[in-house]
Amino acid sequence: DRTEGIEAEKNREDVKRKVSMEDANNYLSLTRQTAPAIGLGVMMCIISPVVLMILASANDMQIGGISENMAAGVGVCVLILLVASAVGIFIMNGMKLEQYEFIKSEEIETEYGVTGMVKDYKNKIHDGYVRDMVVGTVLCICSVIPMFMVIAVNAPDLYGSMLLVIVAVGVFFFVKGGMQMSAVNQLLEEGDYTRSAKRIDRKTSTSTTVYWLVATAIYLCISFVTNRWDRSWIIWPVAGVLFPAYHAVAAYIVNKNE
């Protein structure tokens, strides 16, 4: 039975989806249109705790007569609204790209002329991609500057909020430029989207989903139990840093069991 299952899987992998010139043009066009919106959504998620952190800092320094309950109530409401709006952006733009999801996850076969067109497009966006990566990198490095600016007033929450805003803008450029280049690599089956990489991603997709669901559950549990939404956001960068290692282990296990 296992042998038959392996053979059936190999047969499915041998069947490659056709990508026409129209499909490739539409996919690149949609990605170019949706990338800034998705980048904005990611930025909104990152800055969602900022109001909470600023109000908490104002409460600690007794500025504006803001009570602890008011800081927590208003801050959490803004956080939820920003995250909810970002999720709406992700859903709307994700639905636009849904019909081309197979380009990212399945082995494809492009029609005559598609590869040349995509390579020309790659050359066209290359300078913009490099610019976005440079701007994003510089902003993320500069995000530590507020730490030295607020030492005098001893306001770590204020520092954290300024750091998040700068990082959020940097990530926006990463997403905007990265999505467009990823679409090119998907069509060319290069970089992170080679056929072997796609095969591994398909087999580790469930574990990846579980990883981020667990991270979300930990974030919500710690936040609600401690009521320190201004601190618990640190779970997300930690989860992001650990994910490549987790994915590498999952990929190794998949390759070992093949």
# chains A, B, ... in the order shown; residues from 1 in each chain; ligands from 1
>>> select_by_dssp(residues="stretch 4-193 of chain A", states="alpha helix (DSSP H)", output="number ranges by chain")
A: 4-14, 21-47, 50-60, 68-97, 101-105, 114-142, 145-149, 156-188
>>> closest_atom_pairs(of="stretch 140-212 of chain A", to="stretch 104-117 of chain A", cutoff="12 Å", atoms="only C-alpha atoms", output="Markdown table")
| residue | atom | partner | partner_atom | distance |
| --- | --- | --- | --- | --- |
| A:Met179 | CA | A:Lys104 | CA | 11.5 |
| A:Ser182 | CA | A:Lys104 | CA | 8.9 |
| A:Ala183 | CA | A:Lys104 | CA | 7.9 |
| A:Val184 | CA | A:Thr115 | CA | 9.7 |
| A:Asn185 | CA | A:Lys104 | CA | 9.1 |
| A:Gln186 | CA | A:Lys104 | CA | 5.6 |
| A:Leu187 | CA | A:Thr115 | CA | 7.7 |
| A:Leu188 | CA | A:Thr115 | CA | 6.6 |
| A:Glu189 | CA | A:Glu107 | CA | 8.1 |
| A:Glu190 | CA | A:Lys104 | CA | 11.0 |
| A:Gly191 | CA | A:Lys104 | CA | 11.8 |
| A:Asp192 | CA | A:Lys104 | CA | 9.8 |
| A:Tyr193 | CA | A:Lys104 | CA | 7.0 |
| A:Thr194 | CA | A:Glu107 | CA | 8.5 |
| A:Arg195 | CA | A:Glu107 | CA | 5.9 |
| A:Ser196 | CA | A:Glu107 | CA | 9.1 |
| A:Ala197 | CA | A:Ser105 | CA | 9.1 |
| A:Lys198 | CA | A:Ser105 | CA | 5.5 |
| A:Arg199 | CA | A:Glu106 | CA | 7.7 |
| A:Ile200 | CA | A:Ser105 | CA | 9.7 |
| A:Asp201 | CA | A:Ser105 | CA | 7.5 |
| A:Arg202 | CA | A:Ser105 | CA | 6.8 |
| A:Lys203 | CA | A:Ser105 | CA | 10.5 |
| A:Thr204 | CA | A:Ser105 | CA | 11.6 |
| A:Ser205 | CA | A:Ser105 | CA | 10.1 |
>>> select_by_dssp(residues="stretch 4-251 of chain A", states="strand (DSSP E)", output="list in words")
Arg17, Lys18, Val19, Ile108, Glu109 and Thr110 of chain A
>>> write_last_selection(atoms="C-alpha atoms", output="PDB file, in the first residue's frame")
ATOM      1  CA  ARG A  17       0.548  22.667 -14.616  1.00  0.00           C
ATOM      2  CA  LYS A  18       0.726  24.746 -17.776  1.00  0.00           C
ATOM      3  CA  VAL A  19       1.349  28.488 -17.439  1.00  0.00           C
ATOM      4  CA  ILE A 108       4.866  24.144 -13.600  1.00  0.00           C
ATOM      5  CA  GLU A 109       5.625  24.151 -17.296  1.00  0.00           C
ATOM      6  CA  THR A 110       5.638  27.512 -19.031  1.00  0.00           C
TER       7      THR A 110
END
>>> closest_residue(among="A:Leu242, A:Ile47, A:Leu55, A:Ile38", to="A:Ala71", atoms="only C-alpha atoms")
A:Leu55
>>> residues_around(residues="A:Cys142", least_positions_apart="4", cutoff="10 Å", atoms="only C-alpha atoms", output="PyMOL selection string")
chain A and resi 136-138+146+163+166-167+170
>>> closest_residue(among="A:Arg228, A:Lys119, A:His247, A:Lys96", to="A:Arg32", atoms="only C-alpha atoms")
A:Lys96
>>> closest_residue(among="A:Ile235, A:Met70, A:Ala245, A:Ala35", to="A:Leu52", atoms="only C-alpha atoms")
A:Met70
